[in-house]
Amino acid sequence: MPSIKTTIKAQPTIFVIFGGTGDLNWRKLAPAIYNLYLENSLPENFAIIGTGRTKLSDEEFREKLLEGINKFSRRGKADKKDWAQFCHHVFYQISDVQKEETYTELRGRIEKLAKDWKQEPQVIYYLAVSPNFFPVIARNIASHKLSENVDNTRLVFEKPFGHDLESSKALNQLLGELFDEKQIYRIDHYLGKETVQNIMAFRFANSLFEPLWNRNHIEHVQISVTEQLGVGDRGGYYEGAGALRDMVQNHLLQLLCLIAMEAPTNFGAEEVRNRKVDVLHAMRRFSKEEVRLNAVRGQYGQGWIEGKEVPGYREEEGVDPDSNTETFAAAKFFIDNWRWQGVPFYVRTGKRMHQTASVISIQFKDVPHFIFPPETTETWQQNRLVISIQPEMSIRLQLQAKRPGLEMVLNTVDMVFDYKGTYAFEAPEAYETLLLDTMVGDQTLFMRADQVEAAWDLLMPILNAWQAKKSLNFPNYSADSWGPEVAEALIARDGFHWFSLPLSTKKYTKDGEHI
Ligand code: BG6
C-alpha cells in the first residue's frame, strides 16, 4: 500500500534514548523511527544512541531493535536491504543514569558525530524510563551542558508525568529551572493518533457543526476508552497508578478538551494549548461528598476472553493479592462555562472489558415536538455523532430515517466517514507523528506544564477519596464484561446508557430486526 510522504525535513538529528533496551523503544520508538526513515522523513545525517544497563554490543542492540520492528511495525517485517542501510545509524551505550561517566561519554559521542557530519546536530533526549529517573537524568543533562543550545536540544518525557498534583508541580519546577519550556516535550501518545488530530479538523474546518456544538443542542457527551487487555507484565507499575492516573489524567481528559475547547484563533502550539487548558480550568471540581456521586471505580476479576481463561487483577504478576488499585474508572464531569453549562460529560475507561474501543459519542437533544405515530417511538433514538478513535476509525452521524415499506416506521441509520473506505493508504502511527514533531520543534501535540497540573488538580479529590477509602467489593467486574454495575448506575440515573459500537456492520430486515 502506498503511504504518506511528508515533506518536512529536520536538521541532522541524534536521538539519545534512555531506556534503550526497554519495552517502549522495542515496541514503539524504534519501529516509528524506522518508518520515518522509510518515509524519507529523516535527515541524511541521523543517529540513534540507545542507552541501558544491560551489556550489549552495537550489533546485539541492532538485532534486538530489528526483532521489535519485525514484530510491531505497521509495515510488518523489515526489508533486508533497507534495514542494512538503516542499522548503521544505530549505536548502543551501556550506562548507568546515576553516573557522571554516562554523560561524559555521551558528550564524546555527540561531538564525534558532529565532527564526522561537519554540522552541528540537534539532540533529542528521550526519557523512556521509569519517572523516578526523570530528575536525575534531567539534572545530569543540564549539569554536563548537554542541553545548553536551547534551539538544538529537546527532551521528551513519557507519561506518567508526576503521580499527583504535588509531584507534577515539583517536576515541572525542576525542569523549568534546568531548561526552557520550548525544550520540553511531554508525550501523550493519544494526541498523535490520526483520529484524535482529526477532531480539530472536524470541528474547525467545517462550519456545519459549530452552531450545534453547545448546551442548546447537545444533551450529553460520552468518552469511552475500553481495552480487552489486562495489565499483563506491567503489574508493578500499574499497582501504583490505576485507571485514573494511567488513562483519565492524560488520554481521556485530552480527548475531552478537544471536544469542548473553543476555536483557537490559529493553529499555533500556544494558542491551541491555551484553548485546551481553558477547558480544564472550567471543569467543576468535586467536593469530598460529590466524589461518591460522580465517580466510580472497578477492578477486574477472573473471566474468559475469546475462549481463553484470564486471571483477575489480583492474580496478575506484581500485584498485591489484596490490591485496592482500580482497573476501571468512570466519572461524570461538568464544564462551567457558557457553552457547556449543564451538559454532562461522562468518561469511562477500563481494562479486560468486553471490547477494545475508543469512542466519543455526542448525543443531541430530542426534537421539540413529535409528529409521527406513537409506535414509531419504539425505534426512536436522538441524533448522535459518534467519533471512533480506534480500532475502528470513523465518524458516524446517526439519524432517523423512514424504513422502506408501506407504513411509516422509523429506524436509526448512519452516515459514515470511515478511514478505510476513504483513504487508499495507511495512516502513520502516533509515535511517528510525535517524533517528527519533536524533530521539527512543533509542540502543538504535546502537554504543557500548566495542562498537566490542571488535569491533576481536577482529579485530586477523586484520587484522595479513593485512596482514603478502600473499596470493599473489589473485584467487582469480571473479565469480558462492560465494567461494574456502579458505572451503569452512574449514567442510568440521568436516563442514559453507555454507548458501544456494534461489533459488526448490521442491516435491518423488513421486520425491523437488526442483523
Ligand atoms: C498507555 C497506558 O498510556 O495507553 C496503558 O499506560 C494503555 O495502560 C495504553 O494500555 C493504551 O494505548 P492505546 O494506544 O493502545 O490505546
# chains A, B, ... in the order shown; residues from 1 in each chain; ligands from 1
call {"tool": "residues_near_ligand", "arguments": {"ligand": "ligand 1", "cutoff": "9 Å", "atoms": "only C-alpha atoms and all ligand atoms", "output": "PyMOL selection string"}}
result
chain A and resi 158-160+188-190+193+225-227+229-231+234+238+242-243+245-247+250-251+351+356-358+389-391+430
call {"tool": "select_by_dssp", "arguments": {"residues": "segment 1-236 of chain A", "states": "strand (DSSP E or B)", "output": "ChimeraX atom specification"}}
result
/A:3,13-18,46-52,90-94,122-127,153-157,184-186,218-226
call {"tool": "write_last_selection", "arguments": {"atoms": "N, CA and C atoms", "output": "short mmCIF file (atom, residue, chain, number, x, y, z; two decimals), in the first residue's frame"}}
result
data_model
loop_
_atom_site.label_atom_id
_atom_site.label_comp_id
_atom_site.auth_asym_id
_atom_site.auth_seq_id
_atom_site.Cartn_x
_atom_site.Cartn_y
_atom_site.Cartn_z
N SER A 3 2.16 4.92 0.89
CA SER A 3 1.90 5.64 2.14
C SER A 3 2.27 7.12 2.01
N THR A 13 20.09 14.93 13.13
CA THR A 13 19.48 14.64 14.43
C THR A 13 20.10 13.42 15.11
N ILE A 14 20.31 13.57 16.40
CA ILE A 14 20.72 12.41 17.21
C ILE A 14 19.62 12.14 18.24
N PHE A 15 19.12 10.93 18.24
CA PHE A 15 18.16 10.53 19.28
C PHE A 15 18.96 9.79 20.35
N VAL A 16 18.91 10.31 21.57
CA VAL A 16 19.53 9.57 22.67
C VAL A 16 18.37 8.96 23.44
N ILE A 17 18.29 7.65 23.45
CA ILE A 17 17.14 7.02 24.11
C ILE A 17 17.56 6.39 25.43
N PHE A 18 17.18 7.05 26.51
CA PHE A 18 17.39 6.46 27.84
C PHE A 18 16.31 5.39 28.00
N PHE A 46 21.68 11.15 10.64
CA PHE A 46 20.95 10.93 11.89
C PHE A 46 21.56 9.74 12.61
N ALA A 47 21.33 9.68 13.92
CA ALA A 47 21.82 8.54 14.70
C ALA A 47 20.89 8.27 15.87
N ILE A 48 20.85 7.00 16.23
CA ILE A 48 20.11 6.62 17.44
C ILE A 48 21.14 6.07 18.41
N ILE A 49 21.21 6.67 19.59
CA ILE A 49 22.09 6.10 20.62
C ILE A 49 21.18 5.58 21.73
N GLY A 50 21.10 4.27 21.83
CA GLY A 50 20.29 3.67 22.89
C GLY A 50 21.18 3.51 24.11
N THR A 51 20.64 3.84 25.29
CA THR A 51 21.45 3.59 26.49
C THR A 51 20.66 2.66 27.41
N GLY A 52 21.40 1.88 28.18
CA GLY A 52 20.74 0.97 29.11
C GLY A 52 21.78 0.31 30.00
N VAL A 90 22.56 3.13 14.07
CA VAL A 90 22.12 2.76 15.43
C VAL A 90 23.32 2.35 16.30
N PHE A 91 23.40 2.91 17.51
CA PHE A 91 24.51 2.61 18.41
C PHE A 91 23.99 2.34 19.82
N TYR A 92 24.84 1.69 20.59
CA TYR A 92 24.43 1.39 21.96
C TYR A 92 25.51 1.85 22.94
N GLN A 93 25.05 2.35 24.06
CA GLN A 93 25.99 2.74 25.11
C GLN A 93 25.52 2.17 26.44
N ILE A 94 26.33 1.26 26.98
CA ILE A 94 25.96 0.72 28.30
C ILE A 94 26.17 1.85 29.31
N GLN A 122 21.02 18.47 15.99
CA GLN A 122 20.13 18.67 17.13
C GLN A 122 20.09 17.34 17.89
N VAL A 123 19.91 17.44 19.20
CA VAL A 123 19.90 16.22 20.00
C VAL A 123 18.56 16.11 20.72
N ILE A 124 17.94 14.95 20.57
CA ILE A 124 16.67 14.70 21.25
C ILE A 124 16.91 13.62 22.31
N TYR A 125 16.76 14.02 23.56
CA TYR A 125 16.92 13.06 24.66
C TYR A 125 15.54 12.50 24.99
N TYR A 126 15.37 11.24 24.77
CA TYR A 126 14.07 10.61 25.01
C TYR A 126 14.14 9.82 26.30
N LEU A 127 13.35 10.22 27.30
CA LEU A 127 13.41 9.53 28.59
C LEU A 127 12.34 8.44 28.65
N THR A 153 18.41 21.40 21.33
CA THR A 153 18.28 20.23 22.20
C THR A 153 16.88 20.16 22.78
N ARG A 154 16.32 18.97 22.77
CA ARG A 154 14.96 18.79 23.30
C ARG A 154 14.93 17.54 24.19
N LEU A 155 14.00 17.57 25.13
CA LEU A 155 13.86 16.39 25.99
C LEU A 155 12.42 15.90 25.91
N VAL A 156 12.27 14.61 25.74
CA VAL A 156 10.93 14.05 25.64
C VAL A 156 10.66 13.20 26.89
N PHE A 157 9.54 13.48 27.54
CA PHE A 157 9.19 12.74 28.75
C PHE A 157 7.98 11.88 28.50
N ILE A 184 10.96 21.21 26.24
CA ILE A 184 10.34 20.10 26.98
C ILE A 184 9.12 19.56 26.24
N TYR A 185 9.15 18.29 25.94
CA TYR A 185 8.07 17.62 25.21
C TYR A 185 7.46 16.53 26.10
N ARG A 186 6.26 16.83 26.62
CA ARG A 186 5.60 15.83 27.47
C ARG A 186 4.63 15.06 26.59
N ILE A 218 -26.75 19.97 22.44
CA ILE A 218 -26.13 18.71 22.87
C ILE A 218 -26.64 18.34 24.26
N GLU A 219 -27.09 17.08 24.37
CA GLU A 219 -27.66 16.65 25.65
C GLU A 219 -26.58 16.13 26.58
N HIS A 220 -25.72 15.28 26.02
CA HIS A 220 -24.59 14.82 26.83
C HIS A 220 -23.51 14.28 25.92
N VAL A 221 -22.32 14.11 26.51
CA VAL A 221 -21.16 13.60 25.77
C VAL A 221 -20.59 12.41 26.53
N GLN A 222 -20.18 11.39 25.79
CA GLN A 222 -19.52 10.24 26.43
C GLN A 222 -18.15 10.03 25.81
N ILE A 223 -17.18 9.76 26.65
CA ILE A 223 -15.85 9.43 26.13
C ILE A 223 -15.46 8.10 26.78
N SER A 224 -15.33 7.10 25.95
CA SER A 224 -15.13 5.76 26.49
C SER A 224 -13.91 5.12 25.83
N VAL A 225 -12.96 4.72 26.67
CA VAL A 225 -11.76 4.04 26.14
C VAL A 225 -11.65 2.70 26.87
N THR A 226 -12.07 1.66 26.20
CA THR A 226 -12.06 0.35 26.85
C THR A 226 -11.05 -0.56 26.16
#
call {"tool": "select_by_dssp", "arguments": {"residues": "segment 94-226 of chain A", "states": "helix (DSSP H, G or I)", "output": "PyMOL selection string"}}
result
chain A and resi 100-117+131-143+165-178+181-183+189-192+194-204+210-212
call {"tool": "closest_residue", "arguments": {"among": "A:Asp164, A:Glu101, A:Glu309, A:Asp322", "to": "Phe474 of chain A", "atoms": "only C-alpha atoms"}}
result
A:Asp322
call {"tool": "closest_atom_pairs", "arguments": {"of": "segment 266-381 of chain A", "to": "segment 455-459 of chain A", "cutoff": "8 Å", "atoms": "only C-alpha atoms", "output": "CSV"}}
result
residue,atom,partner,partner_atom,distance
A:Leu280,CA,A:Ala455,CA,6.4
A:Met283,CA,A:Leu458,CA,7.4
A:Arg284,CA,A:Leu458,CA,7.8
A:Arg285,CA,A:Leu458,CA,5.8
A:Phe286,CA,A:Leu458,CA,7.9
call {"tool": "write_last_selection", "arguments": {"atoms": "N, CA, C and O atoms", "output": "mmCIF file, in the first residue's frame"}}
result
data_model
loop_
_atom_site.group_PDB
_atom_site.id
_atom_site.type_symbol
_atom_site.label_atom_id
_atom_site.label_comp_id
_atom_site.auth_asym_id
_atom_site.auth_seq_id
_atom_site.Cartn_x
_atom_site.Cartn_y
_atom_site.Cartn_z
ATOM 1 N N LEU A 280 -9.896 22.686 31.004
ATOM 2 C CA LEU A 280 -9.549 22.044 32.282
ATOM 3 C C LEU A 280 -9.809 22.991 33.454
ATOM 4 O O LEU A 280 -10.270 22.579 34.511
ATOM 5 N N MET A 283 -13.532 23.101 34.304
ATOM 6 C CA MET A 283 -14.217 21.887 34.782
ATOM 7 C C MET A 283 -14.478 21.979 36.283
ATOM 8 O O MET A 283 -13.624 22.412 37.054
ATOM 9 N N ARG A 284 -15.657 21.566 36.649
ATOM 10 C CA ARG A 284 -16.091 21.692 38.047
ATOM 11 C C ARG A 284 -15.300 20.731 38.943
ATOM 12 O O ARG A 284 -15.182 19.544 38.631
ATOM 13 N N ARG A 285 -14.749 21.258 40.004
ATOM 14 C CA ARG A 285 -14.021 20.417 40.967
ATOM 15 C C ARG A 285 -15.024 19.765 41.903
ATOM 16 O O ARG A 285 -15.993 20.410 42.315
ATOM 17 N N PHE A 286 -14.762 18.509 42.283
ATOM 18 C CA PHE A 286 -15.670 17.816 43.206
ATOM 19 C C PHE A 286 -15.291 18.104 44.656
ATOM 20 O O PHE A 286 -14.107 18.129 44.987
#
call {"tool": "residues_around", "arguments": {"residues": "Gly76 of chain A", "least_positions_apart": "6", "cutoff": "10 Å", "atoms": "only C-alpha atoms", "output": "ChimeraX atom specification"}}
result
/A:31,69-70
call {"tool": "write_last_selection", "arguments": {"atoms": "N, CA, C and O atoms", "output": "tab-separated table (two decimals), in the first residue's frame"}}
result
chain	number	residue	atom	x	y	z
A	31	PRO	N	10.35	1.12	15.90
A	31	PRO	CA	9.54	0.99	14.68
A	31	PRO	C	9.14	2.35	14.11
A	31	PRO	O	9.13	2.53	12.89
A	69	ILE	N	10.99	-4.30	15.44
A	69	ILE	CA	10.41	-3.73	14.22
A	69	ILE	C	9.65	-4.82	13.46
A	69	ILE	O	8.51	-4.61	13.02
A	70	ASN	N	10.27	-5.98	13.33
A	70	ASN	CA	9.60	-7.07	12.61
A	70	ASN	C	8.28	-7.45	13.25
A	70	ASN	O	7.33	-7.81	12.60
call {"tool": "residues_around", "arguments": {"residues": "Tyr419 of chain A", "least_positions_apart": "5", "cutoff": "9 Å", "atoms": "only C-alpha atoms", "output": "JSON, numbers by chain"}}
result
{"A": [195, 392, 393, 394, 395, 424, 427]}
call {"tool": "closest_residue", "arguments": {"among": "A:Lys469, A:Arg75, A:Gly162, A:Gly483", "to": "Phe134 of chain A", "atoms": "only C-alpha atoms"}}
result
A:Gly162
call {"tool": "closest_residue", "arguments": {"among": "A:Ile187, A:Arg109, A:Trp340, A:Asp233", "to": "Met261 of chain A", "atoms": "only C-alpha atoms"}}
result
A:Trp340
call {"tool": "closest_residue", "arguments": {"among": "A:Val319, A:Ala295, A:Leu178, A:Val277", "to": "Lys332 of chain A", "atoms": "only C-alpha atoms"}}
result
A:Ala295
call {"tool": "residues_around", "arguments": {"residues": "Glu270 of chain A", "least_positions_apart": "4", "cutoff": "10 Å", "atoms": "only C-alpha atoms", "output": "tab-separated table (two decimals) with C-alpha atoms, in the first residue's frame"}}
result
chain	number	residue	atom	x	y	z
A	264	PRO	CA	-8.36	28.72	18.58
A	266	ASN	CA	-4.72	29.92	14.78
A	274	ASN	CA	-4.34	27.77	25.72
A	275	ARG	CA	-7.81	26.85	24.50
A	276	LYS	CA	-7.43	23.32	25.81
A	443	GLN	CA	4.83	21.36	20.45
A	444	THR	CA	1.15	21.55	19.47
A	448	ARG	CA	2.33	21.99	28.51
call {"tool": "atom_distance", "arguments": {"atom1": "atom CA of Glu210 of chain A", "atom2": "atom CA of Gly268 of chain A"}}
result
20.5 Å
call {"tool": "atom_distance", "arguments": {"atom1": "atom CA of Glu44 of chain A", "atom2": "atom CA of Cys87 of chain A"}}
result
13.5 Å
call {"tool": "residues_around", "arguments": {"residues": "Met415 of chain A", "least_positions_apart": "5", "cutoff": "8 Å", "atoms": "only C-alpha atoms", "output": "compact mmCIF listing (two decimals) with C-alpha atoms, in the first residue's frame"}}
result
# COMPACT_ATOMS: atom_id res chain seq x y z
CA ARG A 396 -20.78 8.43 12.05
CA LEU A 397 -23.81 10.62 12.31
CA GLN A 398 -26.80 8.68 13.49
CA LEU A 399 -30.08 9.88 12.03
